file work_21.tsv (TSV, C-alpha atoms)
chain	number	residue	atom	x	y	z
A	212	MET	CA	95.88	-25.45	-33.95
A	213	LYS	CA	94.59	-29.05	-34.16
A	214	LEU	CA	94.05	-28.97	-30.41
A	215	TRP	CA	91.69	-25.92	-30.61
A	216	LEU	CA	89.82	-27.48	-33.50
A	217	LEU	CA	89.32	-30.69	-31.53
A	218	LEU	CA	88.01	-28.80	-28.51
A	219	GLY	CA	85.56	-26.90	-30.70
A	220	LEU	CA	84.16	-30.09	-32.19
A	221	LEU	CA	83.66	-31.55	-28.69
A	222	LEU	CA	81.72	-28.46	-27.53
A	223	VAL	CA	79.44	-28.58	-30.60
A	224	HIS	CA	78.77	-32.32	-30.02
A	225	GLN	CA	77.89	-31.65	-26.34
A	226	ALA	CA	75.45	-28.87	-27.34
A	227	LEU	CA	73.70	-31.12	-29.84
A	228	GLN	CA	73.26	-33.80	-27.19
A	229	ASP	CA	71.73	-31.28	-24.73
A	230	ALA	CA	69.29	-30.05	-27.37
A	231	ALA	CA	68.24	-33.62	-28.19
A	232	GLY	CA	67.49	-34.27	-24.50
A	233	GLN	CA	69.98	-37.08	-24.15
A	234	HIS	CA	71.58	-35.44	-21.15
A	235	PRO	CA	69.04	-33.14	-19.41
A	236	PRO	CA	70.57	-30.44	-17.25
A	237	LYS	CA	70.79	-31.18	-13.58
A	238	SER	CA	68.54	-29.18	-11.26
A	239	LYS	CA	69.81	-27.67	-8.07
A	240	HIS	CA	66.73	-29.10	-6.23
A	241	PRO	CA	64.70	-32.25	-6.82
A	242	LYS	CA	61.72	-31.79	-9.16
A	243	GLU	CA	58.39	-32.30	-7.33
A	244	GLN	CA	55.63	-34.22	-9.06
A	245	GLY	CA	53.39	-31.87	-10.99
A	246	GLU	CA	55.78	-28.91	-10.65
A	247	ASN	CA	55.31	-26.19	-13.24
A	248	ARG	CA	57.90	-26.68	-15.98
A	249	ILE	CA	57.57	-23.08	-17.23
A	250	LYS	CA	60.51	-20.98	-16.14
A	251	PRO	CA	59.58	-17.85	-14.19
A	252	THR	CA	60.19	-14.50	-15.87
A	253	ASN	CA	60.33	-10.91	-14.68
A	254	LYS	CA	57.53	-9.82	-17.03
A	255	LYS	CA	54.84	-7.76	-15.26
A	256	VAL	CA	51.19	-8.71	-15.86
A	257	ASN	CA	48.21	-6.59	-14.77
A	258	PRO	CA	45.67	-8.76	-12.92
A	259	LYS	CA	42.26	-9.01	-14.59
A	260	VAL	CA	39.12	-8.34	-12.56
A	261	PRO	CA	36.70	-11.25	-13.07
A	262	LYS	CA	33.38	-10.33	-14.62
A	263	VAL	CA	30.18	-10.89	-12.65
A	264	LYS	CA	28.52	-14.03	-13.83
A	265	ASP	CA	24.83	-14.21	-14.68
A	266	ARG	CA	24.40	-16.62	-11.80
A	267	ASP	CA	25.73	-14.03	-9.36
A	268	ALA	CA	23.39	-11.42	-10.78
A	269	ALA	CA	20.46	-13.77	-10.36
A	270	ASP	CA	21.33	-14.30	-6.71
A	271	SER	CA	21.29	-10.57	-5.98
A	272	THR	CA	18.06	-8.77	-5.09
A	273	PRO	CA	16.32	-7.47	-8.25
A	274	LYS	CA	16.13	-3.70	-8.50
A	275	SER	CA	12.77	-2.07	-9.15
A	276	GLN	CA	12.41	-0.53	-12.59
A	277	SER	CA	9.70	1.85	-13.76
A	278	ILE	CA	7.55	0.39	-16.53
A	279	MET	CA	5.37	3.48	-17.02
A	280	MET	CA	5.47	5.77	-20.05
A	281	GLN	CA	3.39	8.87	-20.83
A	282	VAL	CA	2.08	9.49	-24.32
A	283	THR	CA	2.26	13.23	-25.04
A	284	GLU	CA	-0.12	15.21	-27.25
A	285	LYS	CA	2.40	14.99	-30.08
A	286	GLY	CA	2.33	11.21	-29.91
A	287	ARG	CA	5.75	10.94	-28.33
A	288	PHE	CA	6.69	8.75	-25.39
A	289	GLN	CA	8.41	9.96	-22.25
A	290	ARG	CA	8.94	8.60	-18.77
A	291	PRO	CA	6.71	10.66	-16.43
A	292	ALA	CA	8.19	12.55	-13.49
A	293	ALA	CA	7.17	11.74	-9.92
A	294	THR	CA	4.74	14.69	-10.12
A	295	LEU	CA	3.06	16.19	-13.17
A	296	SER	CA	1.07	19.41	-13.51
A	297	LEU	CA	-1.55	19.44	-16.27
A	298	ALA	CA	-4.36	21.82	-17.14
A	299	ALA	CA	-7.87	20.53	-16.47
A	300	GLY	CA	-9.46	19.23	-19.64
A	301	GLN	CA	-6.18	17.86	-20.96
A	302	PRO	CA	-6.31	14.14	-21.79
A	303	VAL	CA	-3.94	11.66	-20.17
A	304	GLU	CA	-2.60	8.46	-21.68
A	305	LEU	CA	-0.30	6.20	-19.70
A	306	ARG	CA	1.22	2.93	-20.82
A	307	CYS	CA	2.94	0.26	-18.79
A	308	LYS	CA	4.99	-2.52	-20.35
A	309	GLY	CA	3.76	-6.05	-19.68
A	310	SER	CA	1.33	-8.71	-20.85
A	311	LYS	CA	-0.85	-8.33	-17.74
A	312	ILE	CA	-0.93	-4.95	-15.97
A	313	GLY	CA	-2.77	-3.83	-12.82
A	314	TRP	CA	-3.77	-0.19	-12.25
A	315	SER	CA	-4.69	2.14	-9.40
A	316	TYR	CA	-5.98	5.69	-9.68
A	317	PRO	CA	-7.70	8.37	-7.55
A	318	ALA	CA	-10.59	7.02	-5.49
A	319	TYR	CA	-12.88	9.68	-6.96
A	320	LEU	CA	-12.77	7.90	-10.34
A	321	GLU	CA	-13.34	4.51	-8.72
A	322	THR	CA	-16.29	5.66	-6.61
A	323	PHE	CA	-18.33	6.96	-9.52
A	324	LYS	CA	-17.17	4.36	-12.09
A	325	ASP	CA	-16.39	7.30	-14.33
A	326	SER	CA	-16.84	6.69	-18.07
A	327	ARG	CA	-14.07	9.21	-18.79
A	328	LEU	CA	-11.57	6.61	-17.58
A	329	SER	CA	-10.75	3.54	-19.63
A	330	MET	CA	-8.16	0.77	-19.37
A	331	LYS	CA	-7.15	-1.71	-22.05
A	332	GLN	CA	-4.71	-4.59	-22.06
A	333	HIS	CA	-2.74	-5.05	-25.26
A	334	GLU	CA	-0.35	-7.84	-26.12
A	335	ARG	CA	2.75	-6.08	-24.81
A	336	TYR	CA	1.45	-3.22	-22.66
A	337	GLY	CA	-1.45	-1.94	-20.58
A	338	GLN	CA	-3.07	1.37	-21.44
A	339	LEU	CA	-4.92	3.87	-19.21
A	340	THR	CA	-6.72	6.82	-20.79
A	341	LEU	CA	-8.48	9.72	-19.05
A	342	VAL	CA	-10.36	12.37	-21.05
A	343	ASN	CA	-12.02	15.64	-20.02
A	344	SER	CA	-9.96	15.74	-16.83
A	345	THR	CA	-11.03	17.93	-13.89
A	346	ALA	CA	-9.45	19.18	-10.66
A	347	ALA	CA	-11.22	16.35	-8.83
A	348	ASP	CA	-9.09	13.82	-10.73
A	349	THR	CA	-5.92	15.04	-8.98
A	350	GLY	CA	-4.07	12.15	-7.40
A	351	GLU	CA	-1.71	9.24	-7.95
A	352	PHE	CA	-1.84	6.97	-10.97
A	353	SER	CA	0.19	3.78	-10.70
A	354	CYS	CA	0.65	0.44	-12.43
A	355	TRP	CA	2.37	-2.86	-11.84
A	356	ALA	CA	3.11	-6.07	-13.70
A	357	GLN	CA	1.25	-9.16	-12.52
A	358	LEU	CA	2.75	-12.62	-12.15
A	359	CYS	CA	0.01	-15.19	-12.70
A	360	ASN	CA	-0.25	-18.89	-12.06
A	361	GLY	CA	-3.53	-19.91	-13.60
A	362	TYR	CA	-6.20	-17.61	-12.19
A	363	ILE	CA	-4.10	-16.57	-9.20
A	364	CYS	CA	-2.04	-13.40	-9.76
A	365	ARG	CA	0.32	-11.48	-7.54
A	366	ARG	CA	1.99	-8.10	-7.89
A	367	ASP	CA	5.55	-7.99	-9.24
A	368	GLU	CA	7.19	-5.40	-6.98
A	369	ALA	CA	10.22	-5.19	-9.28
A	370	LYS	CA	8.13	-3.86	-12.19
A	371	THR	CA	6.00	-0.89	-11.17
A	372	GLY	CA	5.43	2.72	-12.16
A	373	SER	CA	3.63	5.75	-10.74
A	374	THR	CA	3.11	9.48	-11.10
A	375	TYR	CA	1.08	12.01	-9.11
A	376	ILE	CA	-0.86	14.37	-11.40
A	377	PHE	CA	-2.07	17.85	-10.42
A	378	PHE	CA	-4.98	18.97	-12.62
A	379	THR	CA	-5.11	22.74	-12.32
A	380	GLU	CA	-8.49	24.38	-12.85
A	381	LYS	CA	-9.46	28.03	-12.64
A	382	GLY	CA	-10.95	28.88	-9.25
A	383	GLU	CA	-10.03	25.50	-7.73
A	384	LEU	CA	-6.96	25.53	-5.50
A	385	PHE	CA	-8.24	22.56	-3.47
A	386	VAL	CA	-9.28	19.19	-4.85
A	387	PRO	CA	-13.12	19.48	-4.81
A	388	SER	CA	-15.06	17.59	-2.16
A	389	SER	CA	-18.54	16.07	-2.47
A	390	SER	CA	-19.62	17.65	0.84
A	391	TYR	CA	-19.20	20.92	2.71
A	392	PHE	CA	-18.35	19.27	6.03
A	393	ASP	CA	-16.44	16.13	6.90
A	394	VAL	CA	-15.48	14.21	10.05
A	395	VAL	CA	-11.93	13.09	10.89
A	396	TYR	CA	-11.53	10.58	13.72
A	397	LEU	CA	-8.48	10.87	15.96
A	398	ASN	CA	-7.34	7.44	17.06
A	399	PRO	CA	-4.65	7.34	19.76
A	400	ASP	CA	-2.85	4.42	18.12
A	401	ARG	CA	-2.54	5.64	14.52
A	402	GLN	CA	-2.16	8.73	12.35
A	403	ALA	CA	-5.08	10.97	11.37
A	404	VAL	CA	-5.27	12.95	8.13
A	405	VAL	CA	-7.09	16.20	7.34
A	406	PRO	CA	-7.33	15.55	3.57
A	407	CYS	CA	-7.14	19.08	2.14
A	408	ARG	CA	-5.11	18.42	-1.03
A	409	VAL	CA	-4.32	21.11	-3.57
A	410	THR	CA	-4.36	21.18	-7.38
A	411	VAL	CA	-1.41	23.57	-7.70
A	412	LEU	CA	2.02	22.19	-6.91
A	413	SER	CA	3.40	25.56	-5.77
A	414	ALA	CA	0.48	26.44	-3.48
A	415	LYS	CA	1.21	27.42	0.13
A	416	VAL	CA	-1.17	25.59	2.48
A	417	THR	CA	-1.88	26.32	6.15
A	418	LEU	CA	-4.12	24.70	8.76
A	419	HIS	CA	-6.47	26.76	10.97
A	420	ARG	CA	-8.73	26.15	13.96
A	421	GLU	CA	-12.16	27.74	13.78
A	422	PHE	CA	-12.59	28.39	17.52
A	423	PRO	CA	-10.61	29.79	19.09
A	424	ALA	CA	-9.48	31.22	15.76
A	425	LYS	CA	-5.76	30.55	15.18
A	426	GLU	CA	-3.33	28.94	12.78
A	427	ILE	CA	-2.15	25.46	13.70
A	428	PRO	CA	1.56	25.16	12.81
A	429	ALA	CA	2.84	22.07	11.01
A	430	ASN	CA	5.95	21.71	13.15
A	431	GLY	CA	7.15	18.46	11.57
A	432	THR	CA	7.05	16.68	14.92
A	433	ASP	CA	3.38	16.52	15.88
A	434	ILE	CA	1.78	17.65	12.60
A	435	ILE	CA	3.23	17.51	9.08
A	436	TYR	CA	1.93	18.54	5.66
A	437	ASP	CA	2.02	15.88	2.96
A	438	LEU	CA	1.38	17.24	-0.54
A	439	LYS	CA	-0.35	14.00	-1.57
A	440	ARG	CA	-2.41	13.46	1.60
A	441	GLY	CA	-2.95	16.71	3.50
A	442	PHE	CA	-2.16	17.58	7.12
A	443	VAL	CA	-1.11	14.50	9.06
A	444	TYR	CA	-1.48	14.26	12.85
A	445	LEU	CA	1.33	11.88	13.77
A	446	HIS	CA	0.28	11.36	17.41
A	447	PRO	CA	-3.42	12.32	17.82
A	448	HIS	CA	-4.75	13.17	21.28
A	449	SER	CA	-7.88	14.75	22.75
A	450	ASP	CA	-6.45	18.30	22.64
A	451	HIS	CA	-6.52	18.16	18.83
A	452	GLN	CA	-10.29	17.82	18.53
A	453	GLY	CA	-12.41	20.68	17.24
A	454	VAL	CA	-13.35	22.23	13.89
A	455	VAL	CA	-10.50	23.03	11.47
A	456	TYR	CA	-10.10	24.16	7.86
A	457	CYS	CA	-7.25	24.73	5.41
A	458	LYS	CA	-6.20	27.83	3.49
A	459	ALA	CA	-4.31	27.76	0.17
A	460	GLU	CA	-2.51	30.62	-1.58
A	461	ALA	CA	-1.13	30.57	-5.14
A	462	GLY	CA	-0.69	33.11	-7.90
A	463	GLY	CA	-1.99	35.96	-5.77
A	464	LYS	CA	-5.23	34.11	-5.03
A	465	SER	CA	-6.40	32.37	-1.87
A	466	GLN	CA	-9.09	29.81	-1.09
A	467	ILE	CA	-10.63	28.19	2.02
A	468	SER	CA	-11.29	24.44	2.14
A	469	ILE	CA	-14.34	22.71	3.58
A	470	LYS	CA	-14.48	22.33	7.36
A	471	TYR	CA	-13.43	19.22	9.22
A	472	GLN	CA	-14.75	18.10	12.60
A	473	LEU	CA	-11.98	16.34	14.53
A	474	LEU	CA	-13.37	13.79	17.01
A	475	TYR	CA	-11.22	11.89	19.47
A	476	VAL	CA	-11.95	8.16	19.63
A	477	GLU	CA	-12.12	6.44	23.00
A	478	VAL	CA	-12.13	2.81	21.90
A	479	PRO	CA	-8.80	1.40	20.68
A	480	SER	CA	-8.67	-0.48	17.38
A	481	GLY	CA	-9.13	-4.23	17.33
A	482	PRO	CA	-11.83	-6.92	17.05
A	483	PRO	CA	-15.32	-5.87	18.19
A	484	SER	CA	-15.94	-5.46	21.91
A	485	THR	CA	-19.25	-7.34	22.07
A	486	THR	CA	-21.94	-8.05	24.67
A	487	ILE	CA	-25.22	-9.96	24.44
A	488	LEU	CA	-28.37	-9.63	26.53
A	489	ALA	CA	-31.80	-11.32	26.35
A	490	SER	CA	-34.96	-9.54	27.48
A	491	SER	CA	-35.59	-12.64	29.62
A	492	ASN	CA	-33.74	-15.90	30.04
A	493	LYS	CA	-36.90	-17.81	31.03
A	494	VAL	CA	-39.89	-17.38	28.74
A	495	ARG	CA	-43.40	-18.80	28.87
A	496	GLY	CA	-45.10	-20.18	25.80
A	497	GLY	CA	-46.72	-17.54	23.62
A	498	ASP	CA	-44.60	-14.66	24.92
A	499	ASP	CA	-42.28	-12.49	22.81
A	500	ILE	CA	-38.56	-12.15	23.46
A	501	SER	CA	-35.70	-10.10	22.06
A	502	VAL	CA	-31.96	-10.69	22.20
A	503	LEU	CA	-29.66	-7.66	21.91
A	504	CYS	CA	-26.08	-7.83	20.60
A	505	THR	CA	-24.06	-4.63	21.22
A	506	VAL	CA	-20.64	-3.46	20.03
A	507	LEU	CA	-18.73	-0.37	21.21
A	508	GLY	CA	-16.09	0.52	18.66
A	509	GLU	CA	-14.37	3.06	16.48
A	510	PRO	CA	-16.65	5.66	14.88
A	511	ASP	CA	-15.55	4.97	11.30
A	512	VAL	CA	-15.38	1.16	11.49
A	513	GLU	CA	-18.48	-0.72	10.35
A	514	VAL	CA	-19.65	-3.88	12.12
A	515	GLU	CA	-21.50	-6.83	10.60
A	516	PHE	CA	-23.65	-9.18	12.68
A	517	ARG	CA	-24.51	-12.87	12.17
A	518	TRP	CA	-26.94	-14.93	14.25
A	519	ILE	CA	-27.38	-18.60	15.10
A	520	PHE	CA	-30.58	-19.46	17.04
A	521	PRO	CA	-32.41	-22.67	18.08
A	522	GLY	CA	-35.30	-22.47	15.60
A	523	GLN	CA	-33.04	-21.74	12.62
A	524	LYS	CA	-32.91	-25.32	11.33
A	525	ASP	CA	-36.72	-25.45	11.40
A	526	GLU	CA	-36.88	-22.12	9.52
A	527	ARG	CA	-38.50	-20.41	12.48
A	528	PRO	CA	-39.41	-16.84	11.43
A	529	VAL	CA	-37.56	-14.13	13.38
A	530	ALA	CA	-37.02	-10.40	12.92
A	531	ILE	CA	-33.46	-8.96	12.90
A	532	GLN	CA	-32.73	-5.23	12.92
A	533	ASP	CA	-29.25	-3.64	12.80
A	534	THR	CA	-28.60	-0.02	13.83
A	535	TRP	CA	-25.68	2.23	14.81
A	536	ARG	CA	-25.07	5.74	16.12
A	537	LEU	CA	-22.29	7.89	17.54
A	538	ILE	CA	-22.28	8.64	21.24
A	539	HIS	CA	-20.11	10.89	23.40
A	540	ARG	CA	-18.59	9.33	26.50
A	541	GLY	CA	-16.50	11.20	28.99
A	542	LEU	CA	-14.69	14.40	28.07
A	543	GLY	CA	-14.98	14.72	24.32
A	544	HIS	CA	-14.59	11.02	23.58
A	545	THR	CA	-16.60	9.66	20.67
A	546	THR	CA	-17.65	6.03	20.27
A	547	ARG	CA	-19.74	4.15	17.73
A	548	ILE	CA	-22.41	1.93	19.22
A	549	SER	CA	-23.61	-0.80	16.84
A	550	GLN	CA	-26.53	-3.03	17.78
A	551	SER	CA	-28.38	-6.00	16.36
A	552	VAL	CA	-31.73	-7.10	17.80
A	553	LEU	CA	-33.23	-10.53	17.15
A	554	THR	CA	-36.94	-10.80	18.02
A	555	VAL	CA	-38.98	-13.99	18.39
A	556	GLU	CA	-42.78	-13.77	18.64
A	557	ASP	CA	-45.04	-16.42	20.18
A	558	PHE	CA	-42.26	-18.35	21.93
A	559	GLU	CA	-42.38	-22.16	21.50
A	560	THR	CA	-40.35	-25.09	22.78
A	561	ILE	CA	-38.22	-25.11	19.60
A	562	ASP	CA	-37.10	-21.56	20.46
A	563	ALA	CA	-35.38	-22.61	23.68
A	564	GLY	CA	-31.60	-22.94	23.66
A	565	TYR	CA	-28.50	-20.97	22.75
A	566	TYR	CA	-28.67	-17.63	20.91
A	567	ILE	CA	-25.27	-16.92	19.37
A	568	CYS	CA	-24.19	-13.55	17.95
A	569	THR	CA	-21.00	-12.98	15.94
A	570	ALA	CA	-19.82	-9.42	15.37
A	571	GLN	CA	-17.14	-8.79	12.75
A	572	ASN	CA	-15.10	-5.78	11.62
A	573	PRO	CA	-12.00	-5.54	9.37
A	574	ARG	CA	-9.75	-6.38	12.34
A	575	GLY	CA	-11.44	-9.57	13.47
A	576	GLN	CA	-14.57	-11.05	14.96
A	577	THR	CA	-16.05	-11.77	18.39
A	578	THR	CA	-18.72	-14.37	19.25
A	579	VAL	CA	-20.96	-14.19	22.30
A	580	ALA	CA	-23.92	-16.34	23.42
A	581	THR	CA	-26.77	-16.51	25.91
A	582	THR	CA	-29.40	-19.12	26.74
A	583	VAL	CA	-33.17	-18.78	26.77
A	584	GLU	CA	-35.19	-21.50	28.55
A	585	PHE	CA	-38.84	-22.50	28.18
A	586	SER	CA	-40.66	-21.75	31.42

call {"tool": "encode", "arguments": {"input": "work_21.tsv", "output": "structure tokens"}}
result
Amino acid sequence: MKLWLLLGLLLVHQALQDAAGQHPPKSKHPKEQGENRIKPTNKKVNPKVPKVKDRDAADSTPKSQSIMMQVTEKGRFQRPAATLSLAAGQPVELRCKGSKIGWSYPAYLETFKDSRLSMKQHERYGQLTLVNSTAADTGEFSCWAQLCNGYICRRDEAKTGSTYIFFTEKGELFVPSSSYFDVVYLNPDRQAVVPCRVTVLSAKVTLHREFPAKEIPANGTDIIYDLKRGFVYLHPHSDHQGVVYCKAEAGGKSQISIKYQLLYVEVPSGPPSTTILASSNKVRGGDDISVLCTVLGEPDVEVEFRWIFPGQKDERPVAIQDTWRLIHRGLGHTTRISQSVLTVEDFETIDAGYYICTAQNPRGQTTVATTVEFS
């Protein structure tokens, strides 16, 4: 009995020593420096998916967000659809969030500086208002936030908004035109548009040739119909030229558009193709001379001329006249010929020297020169 009691006391003493850390248990393998002292368990833990940091979000490409709202007649706000259909006469109020907002709207309103249209910039939003709307106001209204550094501003592509509004008006299936006949130039290196746009979203629109009379199919390959632009010739060529018109049908009614003369352009786009020619390169004192600067270019591209001449620094009086006209060259090709004529009367020694002409269009400029000597 005493023996069992003695053994029990020894076991209790050994346990107390282990708990106090006097004799740490021996490990089966040497402990490495820095080894985790937490004993592994069989408890299962679901891994957590790390959240995306703000820094990661900043590195990603910002997504565009619409900043446009429409104010309804009841004074409520709603985000406008890509296309809206409103009755002519109905007012329109659009707001775009931002301290500095830019706007674009149908060219018809811009051309006539229409007083029915107004734009105001408030502290937190820009406001566009159109009253007494008509079918001619049909088109796209868009806005964008501007990022400014001093007086220099650029468009913030991440903050924009737009809607295309159809203003329906009795008896007007097509957006009205200011003329009864228009010219469309067919350039071989870019698309051409017959701009017969409608005011009714559901209207069926077809394209027709006047002579020989037939419908021109919009096959989706060569010609397509764009609701916001009209009939688009994707790859214009000389066979497309002629007189065409559009026909619209909606609600049991039909209407014919104005006529469009399609002219094929011979000259490719680019800086002006310019030549210069003097009436004489050797002139006697007291004679008159003229220097002609000529450009052959696209029919719908305007050309501006600038001159440098010997007597310019002495304020020598000269006459300069600019003209242009359309000419037909070859089989149905149409070209615009632009000319500038500089005339000097009573030629003097100060008039001798280089006559320099610079012709410029939106795609560049070309400078040519010729000399005139005193004989």

call {"tool": "atom_distance", "arguments": {"input": "work_21.tsv", "atom1": "CA of Pro302 (chain A)", "atom2": "CA of Gly441 (chain A)"}}
result
25.6 Å

call {"tool": "closest_residue", "arguments": {"input": "work_21.tsv", "among": "A:Asp367, A:Phe442, A:Arg335, A:Leu305", "to": "Asn430 (chain A)", "atoms": "all atoms listed in the file"}}
result
A:Phe442

call {"tool": "closest_residue", "arguments": {"input": "work_21.tsv", "among": "A:Gln332, A:Gln338, A:Thr417, A:Ser277", "to": "Glu368 (chain A)", "atoms": "only C-alpha atoms"}}
result
A:Ser277

call {"tool": "residues_around", "arguments": {"input": "work_21.tsv", "residues": "Lys493 (chain A)", "least_positions_apart": "4", "cutoff": "10 Å", "atoms": "all atoms listed in the file", "output": "count of residues only"}}
result
8

call {"tool": "atom_distance", "arguments": {"input": "work_21.tsv", "atom1": "CA of Ala346 (chain A)", "atom2": "CA of Pro387 (chain A)"}}
result
6.9 Å

call {"tool": "residues_around", "arguments": {"input": "work_21.tsv", "residues": "region 522-524 of chain A", "least_positions_apart": "5", "cutoff": "9 Å", "atoms": "all atoms listed in the file", "output": "ChimeraX atom specification"}}
result
/A:529,561-564
